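J.: One file is attached below, work38.txt, containing compact mmCIF, C-alpha atoms.
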```txt
# COMPACT_ATOMS: atom_id res chain seq x y z
CA MET V 1 -67.36 21.04 -20.84
CA THR V 2 -66.25 22.40 -17.55
CA GLY V 3 -63.76 19.93 -16.07
CA THR V 4 -60.13 20.23 -17.11
CA ASP V 5 -59.68 16.44 -17.27
CA ARG V 6 -63.03 15.87 -18.98
CA HIS V 7 -62.85 14.74 -22.61
CA TRP V 8 -65.32 13.59 -25.26
CA TYR V 9 -65.73 9.92 -26.06
CA VAL V 10 -68.06 8.05 -28.40
CA VAL V 11 -70.75 5.72 -27.14
CA MET V 12 -72.49 3.23 -29.44
CA THR V 13 -76.16 2.84 -28.62
CA GLN V 14 -78.56 0.01 -29.25
CA PRO V 15 -80.57 0.35 -32.48
CA HIS V 16 -83.05 3.27 -32.30
CA ALA V 17 -82.22 3.82 -28.62
CA GLU V 18 -80.18 7.01 -28.84
CA LEU V 19 -82.60 9.11 -26.77
CA LYS V 20 -83.00 6.38 -24.17
CA ALA V 21 -79.21 6.07 -23.81
CA VAL V 22 -78.78 9.86 -23.54
CA SER V 23 -81.43 10.06 -20.83
CA HIS V 24 -79.89 7.29 -18.75
CA LEU V 25 -76.34 8.61 -19.15
CA GLU V 26 -77.43 12.10 -18.04
CA ARG V 27 -79.11 10.59 -14.97
CA GLN V 28 -75.73 9.12 -14.03
CA GLY V 29 -74.11 12.58 -14.20
CA PHE V 30 -72.41 12.32 -17.59
CA GLU V 31 -72.50 15.19 -20.07
CA VAL V 32 -73.97 13.85 -23.32
CA TYR V 33 -74.22 15.37 -26.78
CA LEU V 34 -76.45 13.79 -29.43
CA PRO V 35 -76.22 15.83 -32.64
CA ARG V 36 -79.56 15.75 -34.47
CA PHE V 37 -80.84 17.21 -37.72
CA LEU V 38 -84.21 17.65 -39.38
CA LYS V 39 -84.79 14.89 -41.89
CA ARG V 40 -87.45 14.59 -44.58
CA ARG V 41 -89.21 11.24 -44.26
CA ARG V 42 -91.57 9.83 -46.87
CA HIS V 43 -93.99 7.10 -45.92
CA ALA V 44 -97.33 6.07 -47.41
CA ARG V 45 -97.33 9.02 -49.83
CA ARG V 46 -96.85 11.47 -46.97
CA THR V 47 -93.80 13.60 -46.39
CA GLU V 48 -92.94 14.87 -42.95
CA ILE V 49 -89.98 16.51 -41.28
CA VAL V 50 -88.67 14.61 -38.25
CA ALA V 51 -85.69 14.96 -35.94
CA ALA V 52 -83.09 12.25 -36.51
CA PRO V 53 -79.63 11.53 -35.11
CA LEU V 54 -76.85 12.88 -37.31
CA PHE V 55 -74.86 9.70 -36.55
CA PRO V 56 -77.39 6.88 -36.04
CA ARG V 57 -76.49 4.66 -33.05
CA TYR V 58 -73.75 7.04 -31.83
CA ALA V 59 -73.54 9.85 -29.26
CA PHE V 60 -70.75 11.76 -27.56
CA VAL V 61 -70.23 11.53 -23.81
CA GLY V 62 -68.08 13.87 -21.73
CA VAL V 63 -66.13 11.93 -19.11
CA ASP V 64 -63.30 12.56 -16.69
CA VAL V 65 -61.84 9.04 -16.73
CA THR V 66 -59.73 9.75 -13.63
CA ALA V 67 -62.66 10.89 -11.46
CA GLN V 68 -65.84 9.34 -12.90
CA ARG V 69 -66.88 5.71 -12.99
CA TRP V 70 -66.72 5.51 -16.80
CA ARG V 71 -67.04 1.71 -16.91
CA ALA V 72 -70.66 2.14 -15.80
CA ILE V 73 -71.36 3.43 -19.31
CA HIS V 74 -71.11 -0.12 -20.67
CA SER V 75 -74.06 -1.30 -18.57
CA THR V 76 -76.27 1.76 -19.11
CA VAL V 77 -79.74 1.16 -20.52
CA GLY V 78 -79.75 1.87 -24.26
CA VAL V 79 -75.96 1.70 -24.59
CA ALA V 80 -74.33 -1.09 -26.57
CA ARG V 81 -70.75 -0.11 -25.67
CA LEU V 82 -68.25 2.67 -25.26
CA VAL V 83 -65.95 2.81 -28.28
CA CYS V 84 -62.56 1.64 -27.01
CA SER V 85 -59.18 0.48 -28.20
CA GLY V 86 -58.64 -2.56 -26.06
CA ASP V 87 -59.69 -1.44 -22.57
CA THR V 88 -59.01 2.26 -23.16
CA PRO V 89 -61.82 4.56 -24.36
CA LEU V 90 -60.96 6.38 -27.59
CA ARG V 91 -60.92 10.15 -27.11
CA VAL V 92 -62.58 12.43 -29.65
CA GLY V 93 -61.05 15.82 -30.35
CA ARG V 94 -62.90 18.63 -28.59
CA GLU V 95 -62.82 20.62 -31.87
CA ILE V 96 -65.04 18.00 -33.55
CA VAL V 97 -67.82 18.37 -31.00
CA ASP V 98 -67.37 22.15 -30.90
CA SER V 99 -67.68 22.41 -34.69
CA LEU V 100 -70.88 20.32 -34.63
CA LYS V 101 -72.31 22.57 -31.92
CA ARG V 102 -71.44 25.66 -33.98
CA MET V 103 -73.44 24.21 -36.89
CA GLN V 104 -76.62 24.07 -34.75
CA ASP V 105 -79.52 26.41 -35.37
CA ASP V 106 -81.56 28.14 -32.66
CA ALA V 107 -83.69 25.02 -32.13
CA GLY V 108 -80.60 22.87 -31.48
CA TYR V 109 -80.54 20.97 -34.78
CA VAL V 110 -77.41 20.69 -36.90
CA SER V 111 -77.88 22.62 -40.14
CA LEU V 112 -76.56 20.58 -43.03
CA PRO V 113 -75.44 22.10 -46.31
CA GLN V 114 -78.12 22.17 -48.98
CA ARG V 115 -78.13 19.54 -51.69
CA PRO V 116 -76.45 20.53 -54.94
CA ALA V 117 -78.75 22.30 -57.36
CA PHE V 118 -78.95 20.45 -60.63
CA ARG V 119 -79.72 22.26 -63.86
CA PRO V 120 -80.97 20.83 -67.14
CA GLY V 121 -78.09 19.30 -69.07
CA ASP V 122 -76.00 18.41 -65.99
CA ALA V 123 -74.49 14.92 -66.05
CA VAL V 124 -75.59 12.80 -63.08
CA ARG V 125 -75.16 9.27 -61.77
CA VAL V 126 -78.02 7.36 -60.17
CA VAL V 127 -76.75 6.07 -56.80
CA GLU V 128 -79.72 4.04 -55.58
CA GLY V 129 -82.81 2.28 -56.84
CA ALA V 130 -83.50 0.23 -59.95
CA PHE V 131 -81.25 2.42 -62.12
CA ALA V 132 -78.28 2.48 -59.71
CA SER V 133 -74.92 3.24 -61.40
CA CYS V 134 -76.60 4.49 -64.60
CA LEU V 135 -75.42 7.79 -66.06
CA GLY V 136 -77.87 10.35 -67.36
CA LEU V 137 -78.58 13.99 -68.04
CA VAL V 138 -80.89 16.20 -66.02
CA ASP V 139 -83.98 17.01 -68.07
CA GLY V 140 -85.77 19.10 -65.46
CA LEU V 141 -87.13 19.30 -61.94
CA SER V 142 -90.59 17.82 -61.45
CA ASP V 143 -91.07 19.07 -57.88
CA GLY V 144 -88.89 19.74 -54.87
CA GLU V 145 -88.33 16.03 -54.31
CA ARG V 146 -87.80 14.50 -57.74
CA VAL V 147 -85.66 15.14 -60.79
CA ALA V 148 -86.39 14.09 -64.36
CA ILE V 149 -83.32 12.57 -65.98
CA LEU V 150 -82.67 11.13 -69.41
CA LEU V 151 -81.08 7.68 -69.39
CA ASP V 152 -79.66 6.05 -72.51
CA MET V 153 -81.42 2.66 -72.64
CA LEU V 154 -81.65 0.30 -75.59
CA GLY V 155 -80.29 2.92 -77.96
CA ARG V 156 -82.71 5.71 -77.07
CA LYS V 157 -83.19 8.30 -74.36
CA VAL V 158 -85.74 7.39 -71.69
CA ARG V 159 -87.10 10.01 -69.29
CA VAL V 160 -87.15 8.75 -65.68
CA LEU V 161 -88.20 10.48 -62.45
CA VAL V 162 -85.95 9.78 -59.49
CA GLY V 163 -85.69 11.23 -56.01
CA ILE V 164 -83.19 14.05 -55.65
CA ASP V 165 -81.39 12.01 -52.97
CA ALA V 166 -80.92 9.15 -55.46
CA ILE V 167 -78.55 11.05 -57.77
CA SER V 168 -75.14 12.63 -57.54
CA ALA V 169 -73.03 14.68 -59.91
CA ALA V 170 -71.20 12.51 -62.43
```
Let me see the structure of the file written as structure tokens.

T.:
Amino acid sequence: MTGTDRHWYVVMTQPHAELKAVSHLERQGFEVYLPRFLKRRRHARRTEIVAAPLFPRYAFVGVDVTAQRWRAIHSTVGVARLVCSGDTPLRVGREIVDSLKRMQDDAGYVSLPQRPAFRPGDAVRVVEGAFASCLGLVDGLSDGERVAILLDMLGRKVRVLVGIDAISAA
């Protein structure tokens, strides 16, 4: 940001309207930062990589509240509201936005840390799906997306395939 009195604030967008809100805010002369990352999406047995907001429904807007008409943000197309405490917009530390920008790759997407690598024998907890909150042991990796785990059910070990995003270390 260039202005000395310009600070970062958080704007809440309408559902799935982040890009629309960013476009309209930029047209009004505001500096806007929408951190995005590449997300793996599975639908109808297809997997594709798509750009998605790092914080769904939220974006950062750079505003000089003494010189700019910041209240216009509330009525901007795609914006639900500016995050405020009472009537005062809540300022976000510049270091937060700077650290997110430093995590971006050459294409402008935030690079997230890789998922933990599980090895056979590791204890895991299922965090979503039909077996949520069950504890198990990693039996092996079936492909890049799923992990075979052994769950103790009805007195015996049952091998179950779950998505790698559906488990965490126990």

J.: Separation of CA of Glu95 (chain V) and CA of Trp8 (chain V), in Å?

T.: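 Atom-to-atom, CA of Glu95 (chain V) and CA of Trp8 (chain V) are spaced 10.0 Å apart.
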
J.: Can you tell me which residues surround Ile167 (chain V) at a distance of at most 9 Å, considering only C-alpha atoms, apart from same-chain residues fewer than 4 positions away, and format the answer as a ChimeraX atom specification?

T.: /V:124-128,132,147,162-163

J.: So the first atom is CA of Arg40 (chain V) and the second is CA of Val77 (chain V); what is the distance between them in Å, to one decimal place?

T.: 28.6 Å

J.: Using Å and a single decimal, report how far CA of Ala80 (chain V) sits from CA of Lys20 (chain V).

T.: 11.7 Å

J.: Please provide as a list in words all residues within 12 Å of Glu31 (chain V), with the sequence filter that same-chain residues fewer than 6 positions apart are discarded (counting all atoms listed in the file).

T.: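 Returned residues: Met1, Thr2, Gly3, Arg6, His7, Trp8, Tyr9, Val10, Val11, Ala21, Val22, Ser23, His24, Leu25, Ala59, Phe60, Val61, Gly62, Val63, Asp64, Gln68, Trp70 and Ile73 of chain V.
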
J.: So that I can see what lies close to Ala170 (chain V), please list as a ChimeraX atom specification the residues with an atom at most 12 Å from it, counting all atoms listed in the file and leaving out residues fewer than 4 positions away in the same chain.

T.: /V:118,121-127,133-138

J.: Given the choices V:Ala51, V:Ala130, V:Leu34, V:Leu82, which gets closest to Lys101 (chain V) if the distance is worked out from only C-alpha atoms?

T.: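 That would be V:Leu34, the residue with the smallest distance to Lys101 (chain V).
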
J.: Ranking V:Val79, V:Met12, V:Ala44, V:Leu19 by minimum distance to Arg57 (chain V) and counting all atoms listed in the file, which one comes first?

T.: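 Among V:Val79, V:Met12, V:Ala44, V:Leu19, it is V:Met12 that comes nearest to Arg57 (chain V).
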
J.: Counting only C-alpha atoms, which residue out of V:Ile49, V:Met153, V:Ala72, V:Ile164 sits closest to Gln28 (chain V)?

T.: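 Of all the options, V:Ala72 lies closest to Gln28 (chain V).
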
J.: Quick one: of V:Ala117, V:Arg102, V:Thr13, V:Thr66, who's nearest to Arg81 (chain V), counting all atoms listed in the file?

T.: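 Among the listed residues, V:Thr13 lies closest to Arg81 (chain V).
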
J.: When distances are computed from all atoms listed in the file, which of V:Gly78, V:Pro35, V:Gly140, V:Pro113 shows the smallest separation from Pro15 (chain V)?

T.: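 Answer, going by the shortest atom-to-atom distance: V:Gly78.
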
J.: I'd like to know which of V:Leu100, V:Ala107, V:Ala166, V:Ala148 is closest to Phe131 (chain V), using only C-alpha atoms.

T.: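 Result for the nearest residue to Phe131 (chain V): V:Ala166.
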
J.: Residues within 7 Å of Val50 (chain V), please, as a list in words. Count only C-alpha atoms; anything in the same chain fewer than 3 positions from it doesn't count.

T.: Leu38, Lys39, Arg40 and Arg41 of chain V
